[in-house]
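Shown next, in structure tokens, is the structure this report addresses.
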Amino acid sequence: MKSKADYVIIGGGISGCSIAYNLALQGAENIIVIEKSYITSGATGRCGAGVRQQWGTKMNCLLAKKSVEFFEKAQEILDYDGDIEFKQEGYLIIASDDQEAQQFKKNVALQNSLGIPSKVLTKEEALEIVPYLNPEQVHSATFCHTDGHLNPFTMTDAYYKAAKRLGVEFYLYTEVLDILTDGHKVTGVLTDKGEVKTANVINAAGGWAKEIGELAGVEIPVYSRNHEILVTEPVEKMQGPMVISFSHNIYCQQTPHGAFIMGRGDKDEPKSHTMRSTWQFLDKMSKTVCTLLPKIGELRVIRQWGGLYNMSPDHQPIIGGTKDLRGFYMACGFSGHGFMLAPMTGLLLSELILGKTPSMPMENLSLERFEGKDMEEVETSVV
Amino acid sequence: MRIDKHPILDFSSRKKIRFTFEGKEQYGFEGDTIASALHALGVKHLSDSIHKKRPRGFYCAIGNCASCNMIVDGIPNVRTCITPLKEGVDVRMQEGKGRF
């Protein structure tokens, strides 16, 4: 292992790989990524593989929109020999009642003002897009045709390979044990494979971001909790968009491979690092999908798994440094949507680290935004 | 091919069960699965591989491998190796991953 590096990124998920690639692309050198398991072993490889721009806060909308613009060209930009499977067939967000419909109207107005081509649909229009929706469960809907599906494994692999070509070194199966500081600034990272001297540490540890912060003495107001997903047998194409409902607490899409992936959040899920699968999830998930999309009930479940949502107080990411410890940066608290925001995570954080003017204002992404005042905006469009 | 005589095991005669395969009338016996009835009739090609469309036949025989997925009474992806043969069922080969 190298004994010195200019930048040490902790975490080999899509955020860490994107940050590494963006730093290297802008000319930074001596970059290493430390991953305690394998690439995409954490939340990235366990996510629902969706990409959406229909958010309820300006910051999430902008991050998502600019990320989609990157994904549209990612295959060429990253010169990737695999297939990132970016399928833009939209997200259909179901409103169950008047109250939800009113909120969605406001969301769409915000999204449109930022250039996101979402629109409000009637119940009939929604049923045209997904004919087997249970009409009794649909009040109205919103739809954005440029949202869609992206393969978490190949997309991360594309960043990983592009970063490697630019000289980034990856140390897999290497665990961070401590972050060394002199009290004011970062001086190094201690791993189970040795010590690396560095002035810059980037915390992209996903579900373990809070614990990495603790190693550096930086308190990050995030926590992790298990979020479960299941996948069905593959069948011929029958559903274009991701169908999502906040009141039913479900998202469900058909991947290009033909399998349906679906997940739901559980409000009672405790804070923890468990990633177990439960029969309770299988039971509730099956009932939920059969209520909203009865036809999917005919398919067999192939397997289920869990992964960590890293939740921030306002359900928006924390991307930036901290005034308490020079050289310590973080990209965490994505609250279940770090995968789809990764292009902007990498771009903005690398610009900030290299002292450039960020491509968009980052105040509302800072760790300091939670200090001593009420949060300005809270994202509620989360499953 | 079916074994009629065996030095140790006894194969008593069983009730004939009528079904159709690809629209043609066929017979199996009580206790057969759909796939075992087809196998005994010499039907070795039950499905096609997903990508290269190569023939796939009776393989795991325990409902895990999907080689014997067929359309039974209009329902795709039926694991015929673990589905008991019933009087009058309509069995057809399916194209691709199953159309629901």
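Following the order of the structure tokens, chains are lettered A, B, ..., residues in each are numbered from 1, and ligands are numbered from 1.
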I'd like the neighbourhood of range 67-76 of chain B as a CSV table (one decimal) with C-alpha atoms, in the first residue's frame, where a residue qualifies if any of its atoms comes within 7 Å (using only C-alpha atoms), though same-chain residues fewer than 4 positions away should be ignored.
chain,number,residue,atom,x,y,z
B,46,LEU,CA,-39.1,-28.0,-23.9
B,47,SER,CA,-37.8,-24.5,-24.3
B,56,ARG,CA,-33.3,-26.7,-23.6
B,57,GLY,CA,-34.8,-29.9,-22.2
B,58,PHE,CA,-35.6,-31.8,-19.0
B,59,TYR,CA,-32.8,-30.8,-16.7
B,80,THR,CA,-43.7,-28.4,-16.0
B,81,CYS,CA,-41.2,-30.7,-14.2
B,89,VAL,CA,-54.4,-29.5,-19.9
B,90,ASP,CA,-53.2,-27.5,-22.9
B,91,VAL,CA,-49.4,-27.5,-23.0
B,92,ARG,CA,-47.4,-25.2,-25.4
B,93,MET,CA,-43.8,-24.1,-25.9
B,94,GLN,CA,-43.2,-20.5,-25.0
B,98,GLY,CA,-42.9,-15.5,-20.8
B,99,ARG,CA,-45.5,-12.9,-21.8
Run DSSP on the backbone and tell me which residues of range 148-255 of chain A come out as strand (DSSP E or B); list them as a ChimeraX atom specification. /A:148-149,169-171,176-181,185-191,194-197,201-203,223-232,242-245,250-254
Non-local contacts of range 48-52 of chain B (8 Å; only C-alpha atoms; under 6 positions in same chain excluded) as an mmCIF file with C-alpha atoms, in the first residue's frame:
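And here is the file that came out, result.cif:
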data_model
loop_
_atom_site.group_PDB
_atom_site.id
_atom_site.type_symbol
_atom_site.label_atom_id
_atom_site.label_comp_id
_atom_site.auth_asym_id
_atom_site.auth_seq_id
_atom_site.Cartn_x
_atom_site.Cartn_y
_atom_site.Cartn_z
ATOM 1 C CA SER B 67 -35.378 -25.186 -18.594
ATOM 2 C CA GLU B 95 -41.109 -17.930 -26.827
ATOM 3 C CA GLY B 96 -38.722 -15.882 -24.710
ATOM 4 C CA LYS B 97 -39.154 -15.090 -21.040
#
field: Nearby residues (only C-alpha atoms) at most 8 Å from range 292-301 of chain A, same-chain spacing under 2 positions excluded, as a PyMOL selection string
entry: chain A and resi 132-134+137+230-233+248+286+288-290+303-304
Please dump the current selection as a PDB file, in the first residue's frame; keep C-alpha atoms.
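See part12.pdb below for the written result:
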ATOM      1  CA  TYR A 132     -52.800  -2.918 -15.214  1.00  0.00           C
ATOM      2  CA  LEU A 133     -52.697  -0.261 -12.474  1.00  0.00           C
ATOM      3  CA  ASN A 134     -55.574  -0.826 -10.081  1.00  0.00           C
ATOM      4  CA  GLN A 137     -55.994   3.146  -6.113  1.00  0.00           C
ATOM      5  CA  LEU A 230     -37.133  -7.995  -3.837  1.00  0.00           C
ATOM      6  CA  VAL A 231     -36.775  -9.116  -7.442  1.00  0.00           C
ATOM      7  CA  THR A 232     -39.022 -11.369  -9.523  1.00  0.00           C
ATOM      8  CA  GLU A 233     -38.364 -13.814 -12.321  1.00  0.00           C
ATOM      9  CA  HIS A 248     -48.727   3.020  -0.644  1.00  0.00           C
ATOM     10  CA  SER A 286     -46.351  -8.660  -1.885  1.00  0.00           C
ATOM     11  CA  THR A 288     -48.668  -3.708  -1.470  1.00  0.00           C
ATOM     12  CA  VAL A 289     -47.762  -4.575  -5.054  1.00  0.00           C
ATOM     13  CA  CYS A 290     -50.884  -6.717  -5.455  1.00  0.00           C
ATOM     14  CA  ARG A 303     -34.825 -13.315  -4.124  1.00  0.00           C
ATOM     15  CA  GLN A 304     -34.777 -10.410  -1.690  1.00  0.00           C
TER      16      GLN A 304
END
- Item | Shell of 12 Å around Ile318 in chain A, only C-alpha atoms, local chain residues under 2 positions omitted, as a PyMOL selection string | chain A and resi 59-60+203-204+206+209-210+220-222+310-316+320-322+329-335+338+341+345+348-349+362-370
Any chance you could export the current selection's C-alpha atoms as a short mmCIF file (atom, residue, chain, number, x, y, z; two decimals), in the first residue's frame?
data_model
loop_
_atom_site.label_atom_id
_atom_site.label_comp_id
_atom_site.auth_asym_id
_atom_site.auth_seq_id
_atom_site.Cartn_x
_atom_site.Cartn_y
_atom_site.Cartn_z
CA MET A 59 -31.69 21.12 -4.51
CA ASN A 60 -32.68 17.51 -5.15
CA ASN A 203 -15.85 10.28 3.38
CA ALA A 204 -18.02 8.44 0.84
CA GLY A 206 -22.46 5.39 2.58
CA ALA A 209 -20.45 7.67 6.93
CA LYS A 210 -21.31 8.65 10.51
CA ILE A 220 -22.35 14.13 11.06
CA PRO A 221 -26.12 14.14 11.76
CA VAL A 222 -26.93 11.06 9.71
CA ASN A 310 -28.11 6.82 5.08
CA MET A 311 -30.64 9.37 6.30
CA SER A 312 -30.00 13.08 6.79
CA PRO A 313 -32.33 15.37 8.77
CA ASP A 314 -33.82 17.00 5.64
CA HIS A 315 -33.46 13.96 3.31
CA GLN A 316 -31.01 15.85 1.16
CA GLY A 320 -18.80 19.45 1.35
CA GLY A 321 -16.12 20.02 3.96
CA THR A 322 -16.22 21.17 7.55
CA TYR A 329 -14.76 16.19 3.14
CA MET A 330 -17.93 14.16 2.98
CA ALA A 331 -20.61 12.99 0.56
CA CYS A 332 -23.25 11.22 2.61
CA GLY A 333 -26.80 11.34 3.96
CA PHE A 334 -28.30 10.72 0.54
CA SER A 335 -31.39 9.26 2.21
CA GLY A 338 -27.21 8.57 -3.70
CA LEU A 341 -27.11 11.80 -7.88
CA THR A 345 -21.75 14.43 -6.15
CA LEU A 348 -19.37 19.38 -7.04
CA LEU A 349 -17.18 17.85 -4.37
CA MET A 362 -23.53 24.30 -2.42
CA GLU A 363 -24.64 26.11 0.76
CA ASN A 364 -27.75 23.94 1.06
CA LEU A 365 -25.60 20.82 0.83
CA SER A 366 -23.26 21.84 3.63
CA LEU A 367 -22.92 20.16 7.00
CA GLU A 368 -23.36 23.58 8.60
CA ARG A 369 -26.91 24.00 7.28
CA PHE A 370 -28.24 22.01 10.24
#
Inset, instruction - Can you work out which one of A:Ala141, A:Met360, A:Val120, A:Ala259 has the shortest atom-to-atom distance to chain B, counting only C-alpha atoms? - result: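 Using only C-alpha atoms, chain B sits closest to A:Ala259.
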>> If we count only C-alpha atoms and set the cut-off at 6 Å, which residues sit around range 85-87 of chain B, ignoring sequence neighbours fewer than 2 positions away in its own chain? Please answer as a PyMOL selection string.
In response: chain B and resi 17-19+32-34+89
As a VMD selection string, please: all residues of chain B that backbone DSSP puts in alpha helix (DSSP H). chain B and resid 34 to 40
Go ahead and write the residues just picked, N, CA and C atoms, as a PDB file, in the first residue's frame.
ATOM      1  N   ILE B  34     -46.047 -32.918 -16.032  1.00  0.00           N
ATOM      2  CA  ILE B  34     -46.188 -32.596 -17.458  1.00  0.00           C
ATOM      3  C   ILE B  34     -44.893 -32.956 -18.195  1.00  0.00           C
ATOM      4  N   ALA B  35     -43.750 -32.571 -17.590  1.00  0.00           N
ATOM      5  CA  ALA B  35     -42.475 -32.812 -18.251  1.00  0.00           C
ATOM      6  C   ALA B  35     -42.166 -34.309 -18.360  1.00  0.00           C
ATOM      7  N   SER B  36     -42.533 -35.094 -17.350  1.00  0.00           N
ATOM      8  CA  SER B  36     -42.231 -36.527 -17.433  1.00  0.00           C
ATOM      9  C   SER B  36     -43.085 -37.189 -18.501  1.00  0.00           C
ATOM     10  N   ALA B  37     -44.322 -36.738 -18.642  1.00  0.00           N
ATOM     11  CA  ALA B  37     -45.188 -37.274 -19.693  1.00  0.00           C
ATOM     12  C   ALA B  37     -44.601 -36.951 -21.063  1.00  0.00           C
ATOM     13  N   LEU B  38     -44.143 -35.717 -21.228  1.00  0.00           N
ATOM     14  CA  LEU B  38     -43.554 -35.312 -22.512  1.00  0.00           C
ATOM     15  C   LEU B  38     -42.283 -36.105 -22.788  1.00  0.00           C
ATOM     16  N   HIS B  39     -41.481 -36.270 -21.753  1.00  0.00           N
ATOM     17  CA  HIS B  39     -40.220 -37.001 -21.910  1.00  0.00           C
ATOM     18  C   HIS B  39     -40.495 -38.431 -22.380  1.00  0.00           C
ATOM     19  N   ALA B  40     -41.479 -39.061 -21.757  1.00  0.00           N
ATOM     20  CA  ALA B  40     -41.824 -40.433 -22.129  1.00  0.00           C
ATOM     21  C   ALA B  40     -42.328 -40.514 -23.567  1.00  0.00           C
TER      22      ALA B  40
END
Contact check, chain A to chain B, at most 7 Å, counting only C-alpha atoms, closest pairs as a Markdown table:
| residue | atom | partner | partner_atom | distance |
| --- | --- | --- | --- | --- |
| A:Pro234 | CA | B:Lys97 | CA | 6.3 |
| A:Val235 | CA | B:Lys97 | CA | 4.6 |
| A:Glu236 | CA | B:Arg99 | CA | 5.2 |
Polymer residues at most 8 Å from range 34-36 of chain A, only C-alpha atoms, same-chain spacing of 4 or more positions, as a PyMOL selection string:
chain A and resi 8-12+170-176
